[in-house]
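target_12.txt (compact mmCIF, C-alpha atoms)
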# COMPACT_ATOMS: atom_id res chain seq x y z
CA MET A 1 -18.22 23.09 -24.15
CA THR A 2 -20.36 20.61 -26.05
CA ILE A 3 -19.69 16.98 -25.15
CA VAL A 4 -20.23 14.70 -28.11
CA ALA A 5 -21.81 11.36 -27.30
CA PRO A 6 -19.79 8.25 -28.19
CA LYS A 7 -20.92 6.29 -31.22
CA LEU A 8 -20.70 2.76 -32.57
CA THR A 9 -19.08 3.73 -35.88
CA LEU A 10 -15.80 1.92 -35.28
CA GLU A 11 -17.44 -1.08 -33.63
CA ARG A 12 -19.80 -1.61 -36.57
CA LYS A 13 -16.91 -1.40 -39.00
CA LEU A 14 -14.76 -3.84 -37.02
CA LEU A 15 -17.62 -6.30 -36.60
CA GLY A 16 -17.45 -6.79 -40.35
CA GLU A 17 -14.03 -8.37 -39.71
CA CYS A 18 -14.66 -10.27 -36.44
CA ASP A 19 -17.47 -11.96 -34.54
CA LEU A 20 -17.09 -10.12 -31.27
CA ILE A 21 -15.52 -7.02 -29.78
CA ILE A 22 -14.25 -7.04 -26.21
CA SER A 23 -13.77 -3.40 -25.23
CA LEU A 24 -11.45 -2.49 -22.36
CA ASP A 25 -10.72 0.62 -20.34
CA GLU A 26 -8.71 1.15 -17.15
CA VAL A 27 -9.43 3.09 -13.99
CA GLY A 28 -7.09 3.98 -11.14
CA ARG A 29 -3.77 4.06 -12.98
CA GLY A 30 -2.69 7.28 -11.29
CA ALA A 31 -4.08 6.67 -7.81
CA LEU A 32 -1.85 6.54 -4.74
CA ALA A 33 -3.94 3.83 -3.08
CA GLY A 34 -6.19 0.99 -4.08
CA PRO A 35 -6.14 -1.38 -7.04
CA VAL A 36 -6.13 -0.65 -10.72
CA ALA A 37 -9.28 -1.86 -12.44
CA VAL A 38 -10.03 -2.67 -16.06
CA GLY A 39 -13.59 -2.89 -17.31
CA ALA A 40 -14.57 -5.20 -20.16
CA ALA A 41 -17.70 -4.83 -22.27
CA VAL A 42 -18.67 -7.29 -25.01
CA MET A 43 -20.34 -6.17 -28.24
CA ASP A 44 -21.57 -8.31 -31.15
CA ALA A 45 -23.15 -7.29 -34.46
CA ALA A 46 -26.68 -7.50 -33.09
CA GLY A 47 -25.77 -5.39 -30.08
CA ALA A 48 -24.08 -2.81 -32.29
CA ARG A 49 -27.44 -2.19 -33.97
CA ARG A 50 -29.05 -1.26 -30.65
CA ARG A 51 -29.32 2.33 -29.53
CA VAL A 52 -26.57 3.66 -27.29
CA PRO A 53 -27.93 4.20 -23.75
CA GLU A 54 -28.83 7.78 -22.98
CA GLY A 55 -26.13 9.59 -21.01
CA LEU A 56 -23.37 7.07 -21.77
CA ARG A 57 -19.99 8.79 -21.86
CA ASP A 58 -16.42 8.15 -20.83
CA SER A 59 -16.62 7.86 -17.03
CA LYS A 60 -14.63 11.08 -16.57
CA LEU A 61 -17.43 12.97 -18.33
CA VAL A 62 -20.27 11.57 -16.18
CA THR A 63 -20.95 13.10 -12.77
CA GLU A 64 -20.37 10.88 -9.75
CA LYS A 65 -24.06 11.06 -8.84
CA ARG A 66 -25.16 9.81 -12.25
CA ARG A 67 -22.49 7.15 -12.80
CA PRO A 68 -24.20 4.21 -11.02
CA ASP A 69 -27.35 4.58 -13.13
CA VAL A 70 -25.36 4.99 -16.34
CA ALA A 71 -23.19 1.98 -15.45
CA ALA A 72 -26.25 -0.17 -14.78
CA ARG A 73 -27.77 0.75 -18.14
CA ALA A 74 -24.43 0.17 -19.87
CA ALA A 75 -24.13 -3.30 -18.31
CA ALA A 76 -27.66 -4.16 -19.43
CA TRP A 77 -26.93 -2.90 -22.94
CA VAL A 78 -23.79 -4.95 -23.68
CA GLN A 79 -23.75 -8.73 -24.11
CA ALA A 80 -21.50 -9.28 -21.09
CA SER A 81 -19.29 -7.20 -18.81
CA ALA A 82 -16.69 -7.76 -16.12
CA VAL A 83 -14.10 -5.90 -14.08
CA GLY A 84 -10.56 -7.20 -13.61
CA TRP A 85 -8.36 -6.07 -10.73
CA ALA A 86 -4.70 -5.80 -9.83
CA SER A 87 -3.91 -4.92 -6.23
CA ALA A 88 -1.62 -2.20 -4.90
CA ALA A 89 0.77 -4.99 -3.85
CA GLU A 90 0.86 -6.24 -7.43
CA VAL A 91 1.53 -2.71 -8.69
CA ASP A 92 4.46 -2.59 -6.26
CA GLU A 93 5.70 -6.02 -7.32
CA VAL A 94 5.49 -5.83 -11.12
CA GLY A 95 4.99 -2.14 -11.96
CA ILE A 96 1.94 -0.27 -13.14
CA MET A 97 1.95 -1.34 -16.80
CA ARG A 98 2.20 -5.06 -16.06
CA ALA A 99 -0.41 -4.66 -13.32
CA LEU A 100 -2.72 -3.07 -15.90
CA GLY A 101 -2.08 -6.09 -18.10
CA LEU A 102 -2.99 -8.45 -15.25
CA ALA A 103 -6.21 -6.55 -14.58
CA ALA A 104 -7.08 -6.48 -18.29
CA SER A 105 -6.42 -10.21 -18.64
CA ARG A 106 -8.65 -10.92 -15.65
CA ALA A 107 -11.40 -8.77 -17.17
CA VAL A 108 -11.18 -10.73 -20.43
CA LEU A 109 -11.30 -14.01 -18.53
CA GLY A 110 -14.32 -12.65 -16.68
CA VAL A 111 -16.37 -12.20 -19.85
CA VAL A 112 -15.09 -15.53 -21.22
CA ALA A 113 -16.51 -17.15 -18.09
CA GLN A 114 -19.86 -15.64 -19.09
CA GLY A 115 -19.70 -17.25 -22.51
CA ALA A 116 -17.76 -14.79 -24.66
CA SER A 117 -15.37 -16.47 -27.09
CA VAL A 118 -12.00 -14.99 -28.01
CA GLU A 119 -11.74 -17.31 -31.02
CA ASN A 120 -12.62 -14.61 -33.57
CA ALA A 121 -12.78 -11.63 -31.24
CA LEU A 122 -11.05 -8.27 -31.38
CA VAL A 123 -10.00 -6.60 -28.15
CA LEU A 124 -10.52 -2.85 -28.44
CA LEU A 125 -8.23 -1.20 -25.90
CA ASP A 126 -8.34 2.46 -24.96
CA GLY A 127 -4.96 4.14 -25.32
CA ASN A 128 -1.89 3.83 -27.52
CA HIS A 129 -0.21 0.81 -25.93
CA ASP A 130 -1.12 -2.88 -25.80
CA TYR A 131 -0.38 -3.78 -22.19
CA LEU A 132 -2.52 -6.93 -22.39
CA SER A 133 -0.91 -9.32 -24.86
CA ALA A 134 2.33 -9.85 -22.92
CA VAL A 135 0.37 -10.93 -19.84
CA HIS A 136 -2.65 -12.86 -21.13
CA PRO A 137 -2.26 -16.67 -21.13
CA GLY A 138 -3.41 -17.08 -24.75
CA PRO A 139 -3.12 -15.17 -28.04
CA LEU A 140 -5.46 -12.23 -28.55
CA GLN A 141 -6.07 -9.80 -31.37
CA VAL A 142 -5.66 -6.41 -29.68
CA ARG A 143 -6.19 -3.00 -31.22
CA PRO A 144 -5.28 0.06 -29.10
CA VAL A 145 -7.26 3.16 -30.06
CA ILE A 146 -6.47 6.60 -28.66
CA LYS A 147 -9.53 8.28 -27.07
CA ALA A 148 -11.62 5.15 -27.56
CA ASP A 149 -13.21 5.80 -24.15
CA ARG A 150 -14.50 9.10 -25.51
CA ASP A 151 -15.43 8.07 -29.05
CA CYS A 152 -16.44 4.37 -28.95
CA ALA A 153 -19.63 3.60 -27.07
CA SER A 154 -18.62 0.07 -26.07
CA VAL A 155 -15.38 1.38 -24.52
CA SER A 156 -17.35 4.11 -22.74
CA ALA A 157 -19.48 1.31 -21.29
CA ALA A 158 -16.37 -0.50 -20.04
CA SER A 159 -15.06 2.78 -18.61
CA VAL A 160 -18.11 3.68 -16.55
CA ILE A 161 -18.64 0.08 -15.35
CA ALA A 162 -15.04 -0.05 -14.09
CA LYS A 163 -15.19 3.41 -12.54
CA VAL A 164 -18.32 2.65 -10.50
CA ALA A 165 -16.89 -0.70 -9.34
CA ARG A 166 -13.58 0.83 -8.25
CA ASP A 167 -15.20 3.82 -6.54
CA SER A 168 -17.49 1.47 -4.62
CA LEU A 169 -14.50 -0.58 -3.47
CA MET A 170 -12.65 2.52 -2.29
CA VAL A 171 -15.71 3.61 -0.28
CA GLU A 172 -15.72 0.15 1.36
CA LEU A 173 -12.00 0.39 2.15
CA HIS A 174 -12.59 3.84 3.63
CA GLY A 175 -14.45 2.18 6.51
CA GLY A 176 -11.23 0.64 7.79
CA HIS A 177 -9.01 3.64 7.07
CA PRO A 178 -11.19 6.78 7.38
CA GLU A 179 -8.23 9.10 7.92
CA TYR A 180 -7.37 8.97 4.20
CA GLN A 181 -10.87 10.04 3.07
CA TRP A 182 -11.05 7.45 0.29
CA ASP A 183 -14.81 7.91 0.21
CA ARG A 184 -14.08 11.33 -1.27
CA ASN A 185 -10.78 11.04 -3.13
CA LYS A 186 -11.05 7.34 -4.17
CA GLY A 187 -7.34 6.90 -3.51
CA TYR A 188 -6.17 9.75 -5.74
CA ALA A 189 -3.70 12.43 -4.68
CA SER A 190 -5.91 15.07 -3.10
CA ALA A 191 -4.28 17.51 -0.67
CA GLU A 192 -6.17 15.89 2.22
CA HIS A 193 -5.01 12.44 1.19
CA ARG A 194 -1.36 13.49 1.05
CA GLU A 195 -1.65 15.23 4.42
CA ALA A 196 -3.15 12.08 5.96
CA ILE A 197 -0.25 10.02 4.59
CA ARG A 198 2.23 12.46 6.13
CA ALA A 199 0.40 12.22 9.46
CA SER A 200 -0.38 8.49 9.57
CA GLY A 201 2.00 6.80 7.15
CA LEU A 202 1.00 4.34 4.47
CA SER A 203 -1.71 1.69 4.73
CA PRO A 204 -1.40 -1.79 3.16
CA TYR A 205 -3.57 -0.46 0.31
CA HIS A 206 -1.09 2.24 -0.70
CA ARG A 207 1.35 1.74 -3.55
CA ALA A 208 4.42 1.79 -1.38
CA SER A 209 6.87 1.61 -4.30
CA TRP A 210 5.67 5.00 -5.52
CA ALA A 211 7.33 8.20 -4.29
CA ILE A 212 4.16 9.31 -2.51
CA THR A 213 5.69 11.34 0.33
CA ASP A 214 8.49 11.03 2.83
CA ALA A 215 6.08 9.33 5.25
CA PRO A 216 7.08 6.01 6.83
CA THR A 217 5.06 2.89 6.05
CA LEU A 218 2.89 1.10 8.60
CA PHE A 219 4.10 -2.37 7.68
Could you write out this structure as structure tokens?
Amino acid sequence: MTIVAPKLTLERKLLGECDLIISLDEVGRGALAGPVAVGAAVMDAAGARRRVPEGLRDSKLVTEKRRPDVAARAAAWVQASAVGWASAAEVDEVGIMRALGLAASRAVLGVVAQGASVENALVLLDGNHDYLSAVHPGPLQVRPVIKADRDCASVSAASVIAKVARDSLMVELHGGHPEYQWDRNKGYASAEHREAIRASGLSPYHRASWAITDAPTLF
């Protein structure tokens, strides 16, 4: 199967209507443990004329070994980038969609702290649902685009930046809870992960509100 590289076609078109694009993509929505993360990548008209970094793809299409290098080149290519987080406890408290909104809002605030202005910016959000506007403290112009992480290079950048950041965090958390093998499964529902939950119960980093197994919690 031929994998087509993402392009800047949509970004260049949209930058005729706005000053800045803040591209967002989420990672970890379906995991059993760990936070959800949303990457933000900022693109302006000058940046959209630069060549897309070699190997940049949606994070799911980049091998784990290559992702850190691709993420570093993506971060150097865009004008600013950030990762916003919502914890497993927040997922339990407010639900996954609102937690995604919290993480996305924090990612936007992260690039604003680096100098990005939302005054005449368009937020390009991967997917078909705007989970950001209801949560963010100020008005934003948000455009959801299905498969933007595959087709739009700036969203691919946000995707791989977020993926590498979340994977690194899960490897760190693995040190305190090695039985769940988060260094390998990154909190997703592998057979080994589910078996460890049945044997050891849930950690504080698990999404306890989810019907993970019939295992008791540890807290």
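Our summary of the geometry notes that atom CA of A:Val27 is positioned 20.3 Å from atom CA of A:Ala191.
One finds atom CA of A:Leu61 at 23.3 Å from atom CA of A:Gly47.
Taking atom CA of A:Ala103 and atom CA of A:Ala86 as endpoints, the distance between them is 5.0 Å.
With distances restricted to only C-alpha atoms, A:Arg57 is the closest residue to A:Val4 from A:Arg50, A:Arg194, A:Arg57, A:Lys65.
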Shell around stretch 87-92 of chain A at 7 Å using all atoms listed in the file, local window under 4 positions removed, as a short mmCIF file (atom, residue, chain, number, x, y, z; two decimals) with C-alpha atoms, in the frame of the given file:
data_model
loop_
_atom_site.label_atom_id
_atom_site.label_comp_id
_atom_site.auth_asym_id
_atom_site.auth_seq_id
_atom_site.Cartn_x
_atom_site.Cartn_y
_atom_site.Cartn_z
CA ALA A 33 -3.94 3.83 -3.08
CA GLY A 34 -6.19 0.99 -4.08
CA PRO A 35 -6.14 -1.38 -7.04
CA VAL A 36 -6.13 -0.65 -10.72
CA ILE A 96 1.94 -0.27 -13.14
CA ALA A 99 -0.41 -4.66 -13.32
CA TYR A 205 -3.57 -0.46 0.31
CA HIS A 206 -1.09 2.24 -0.70
CA ARG A 207 1.35 1.74 -3.55
CA ALA A 208 4.42 1.79 -1.38
CA SER A 209 6.87 1.61 -4.30
#
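In this comparison, which uses only C-alpha atoms, the residue of A:Leu109, A:Val164, A:Leu15, A:Leu125 approaching A:Gly138 most closely is A:Leu109.
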Have stretch 131-157 of chain A completed to N, CA, C and O atoms, please, and pass it along as an mmCIF file, keeping the file's coordinate frame.
data_model
loop_
_atom_site.group_PDB
_atom_site.id
_atom_site.type_symbol
_atom_site.label_atom_id
_atom_site.label_comp_id
_atom_site.auth_asym_id
_atom_site.auth_seq_id
_atom_site.Cartn_x
_atom_site.Cartn_y
_atom_site.Cartn_z
ATOM 1 N N TYR A 131 -0.979 -3.240 -23.411
ATOM 2 C CA TYR A 131 -0.380 -3.780 -22.190
ATOM 3 C C TYR A 131 -0.938 -5.157 -21.842
ATOM 4 O O TYR A 131 -0.571 -5.733 -20.823
ATOM 5 N N LEU A 132 -1.828 -5.674 -22.687
ATOM 6 C CA LEU A 132 -2.520 -6.930 -22.390
ATOM 7 C C LEU A 132 -1.816 -8.160 -22.933
ATOM 8 O O LEU A 132 -1.685 -9.175 -22.235
ATOM 9 N N SER A 133 -1.360 -8.111 -24.176
ATOM 10 C CA SER A 133 -0.910 -9.320 -24.860
ATOM 11 C C SER A 133 0.251 -10.020 -24.159
ATOM 12 O O SER A 133 0.321 -11.253 -24.137
ATOM 13 N N ALA A 134 1.159 -9.248 -23.570
ATOM 14 C CA ALA A 134 2.330 -9.850 -22.920
ATOM 15 C C ALA A 134 1.974 -10.597 -21.645
ATOM 16 O O ALA A 134 2.773 -11.389 -21.156
ATOM 17 N N VAL A 135 0.770 -10.362 -21.123
ATOM 18 C CA VAL A 135 0.370 -10.930 -19.840
ATOM 19 C C VAL A 135 -0.660 -12.047 -20.008
ATOM 20 O O VAL A 135 -0.651 -13.031 -19.259
ATOM 21 N N HIS A 136 -1.535 -11.914 -21.003
ATOM 22 C CA HIS A 136 -2.650 -12.860 -21.130
ATOM 23 C C HIS A 136 -2.143 -14.263 -21.478
ATOM 24 O O HIS A 136 -1.181 -14.410 -22.242
ATOM 25 N N PRO A 137 -2.769 -15.308 -20.928
ATOM 26 C CA PRO A 137 -2.260 -16.670 -21.130
ATOM 27 C C PRO A 137 -2.413 -17.223 -22.548
ATOM 28 O O PRO A 137 -1.789 -18.226 -22.874
ATOM 29 N N GLY A 138 -3.232 -16.593 -23.381
ATOM 30 C CA GLY A 138 -3.410 -17.080 -24.750
ATOM 31 C C GLY A 138 -3.328 -15.928 -25.731
ATOM 32 O O GLY A 138 -3.363 -14.754 -25.340
ATOM 33 N N PRO A 139 -3.215 -16.238 -27.030
ATOM 34 C CA PRO A 139 -3.120 -15.170 -28.040
ATOM 35 C C PRO A 139 -4.427 -14.400 -28.171
ATOM 36 O O PRO A 139 -5.510 -14.985 -28.109
ATOM 37 N N LEU A 140 -4.307 -13.094 -28.342
ATOM 38 C CA LEU A 140 -5.460 -12.230 -28.550
ATOM 39 C C LEU A 140 -5.160 -11.261 -29.687
ATOM 40 O O LEU A 140 -4.004 -10.902 -29.914
ATOM 41 N N GLN A 141 -6.200 -10.855 -30.375
ATOM 42 C CA GLN A 141 -6.070 -9.800 -31.370
ATOM 43 C C GLN A 141 -6.446 -8.489 -30.693
ATOM 44 O O GLN A 141 -7.614 -8.282 -30.358
ATOM 45 N N VAL A 142 -5.453 -7.631 -30.456
ATOM 46 C CA VAL A 142 -5.660 -6.410 -29.680
ATOM 47 C C VAL A 142 -5.436 -5.196 -30.563
ATOM 48 O O VAL A 142 -4.446 -5.127 -31.297
ATOM 49 N N ARG A 143 -6.354 -4.245 -30.470
ATOM 50 C CA ARG A 143 -6.190 -3.000 -31.220
ATOM 51 C C ARG A 143 -6.311 -1.815 -30.257
ATOM 52 O O ARG A 143 -7.416 -1.476 -29.828
ATOM 53 N N PRO A 144 -5.186 -1.165 -29.897
ATOM 54 C CA PRO A 144 -5.280 0.060 -29.100
ATOM 55 C C PRO A 144 -5.820 1.205 -29.947
ATOM 56 O O PRO A 144 -5.449 1.361 -31.118
ATOM 57 N N VAL A 145 -6.690 2.007 -29.366
ATOM 58 C CA VAL A 145 -7.260 3.160 -30.060
ATOM 59 C C VAL A 145 -7.239 4.345 -29.098
ATOM 60 O O VAL A 145 -7.838 4.293 -28.022
ATOM 61 N N ILE A 146 -6.550 5.394 -29.479
ATOM 62 C CA ILE A 146 -6.470 6.600 -28.660
ATOM 63 C C ILE A 146 -7.853 7.247 -28.575
ATOM 64 O O ILE A 146 -8.565 7.367 -29.573
ATOM 65 N N LYS A 147 -8.239 7.650 -27.366
ATOM 66 C CA LYS A 147 -9.530 8.280 -27.070
ATOM 67 C C LYS A 147 -10.715 7.374 -27.359
ATOM 68 O O LYS A 147 -11.831 7.859 -27.568
ATOM 69 N N ALA A 148 -10.499 6.067 -27.339
ATOM 70 C CA ALA A 148 -11.620 5.150 -27.560
ATOM 71 C C ALA A 148 -12.668 5.300 -26.462
ATOM 72 O O ALA A 148 -13.864 5.126 -26.713
ATOM 73 N N ASP A 149 -12.237 5.632 -25.231
ATOM 74 C CA ASP A 149 -13.210 5.800 -24.150
ATOM 75 C C ASP A 149 -14.138 6.972 -24.400
ATOM 76 O O ASP A 149 -15.275 6.999 -23.924
ATOM 77 N N ARG A 150 -13.683 7.938 -25.167
ATOM 78 C CA ARG A 150 -14.500 9.100 -25.510
ATOM 79 C C ARG A 150 -15.367 8.854 -26.736
ATOM 80 O O ARG A 150 -16.526 9.285 -26.793
ATOM 81 N N ASP A 151 -14.799 8.151 -27.731
ATOM 82 C CA ASP A 151 -15.430 8.070 -29.050
ATOM 83 C C ASP A 151 -16.221 6.789 -29.299
ATOM 84 O O ASP A 151 -17.145 6.794 -30.116
ATOM 85 N N CYS A 152 -15.846 5.686 -28.663
ATOM 86 C CA CYS A 152 -16.440 4.370 -28.950
ATOM 87 C C CYS A 152 -17.371 3.987 -27.801
ATOM 88 O O CYS A 152 -16.934 3.834 -26.653
ATOM 89 N N ALA A 153 -18.637 3.799 -28.113
ATOM 90 C CA ALA A 153 -19.630 3.600 -27.070
ATOM 91 C C ALA A 153 -19.368 2.350 -26.229
ATOM 92 O O ALA A 153 -19.597 2.343 -25.014
ATOM 93 N N SER A 154 -18.868 1.287 -26.855
ATOM 94 C CA SER A 154 -18.620 0.070 -26.070
ATOM 95 C C SER A 154 -17.479 0.276 -25.086
ATOM 96 O O SER A 154 -17.493 -0.276 -23.976
ATOM 97 N N VAL A 155 -16.486 1.086 -25.440
ATOM 98 C CA VAL A 155 -15.380 1.380 -24.520
ATOM 99 C C VAL A 155 -15.860 2.330 -23.418
ATOM 100 O O VAL A 155 -15.459 2.205 -22.262
ATOM 101 N N SER A 156 -16.742 3.265 -23.774
ATOM 102 C CA SER A 156 -17.350 4.110 -22.740
ATOM 103 C C SER A 156 -18.090 3.265 -21.722
ATOM 104 O O SER A 156 -18.049 3.541 -20.516
ATOM 105 N N ALA A 157 -18.776 2.221 -22.204
ATOM 106 C CA ALA A 157 -19.480 1.310 -21.290
ATOM 107 C C ALA A 157 -18.496 0.642 -20.341
ATOM 108 O O ALA A 157 -18.719 0.589 -19.125
#
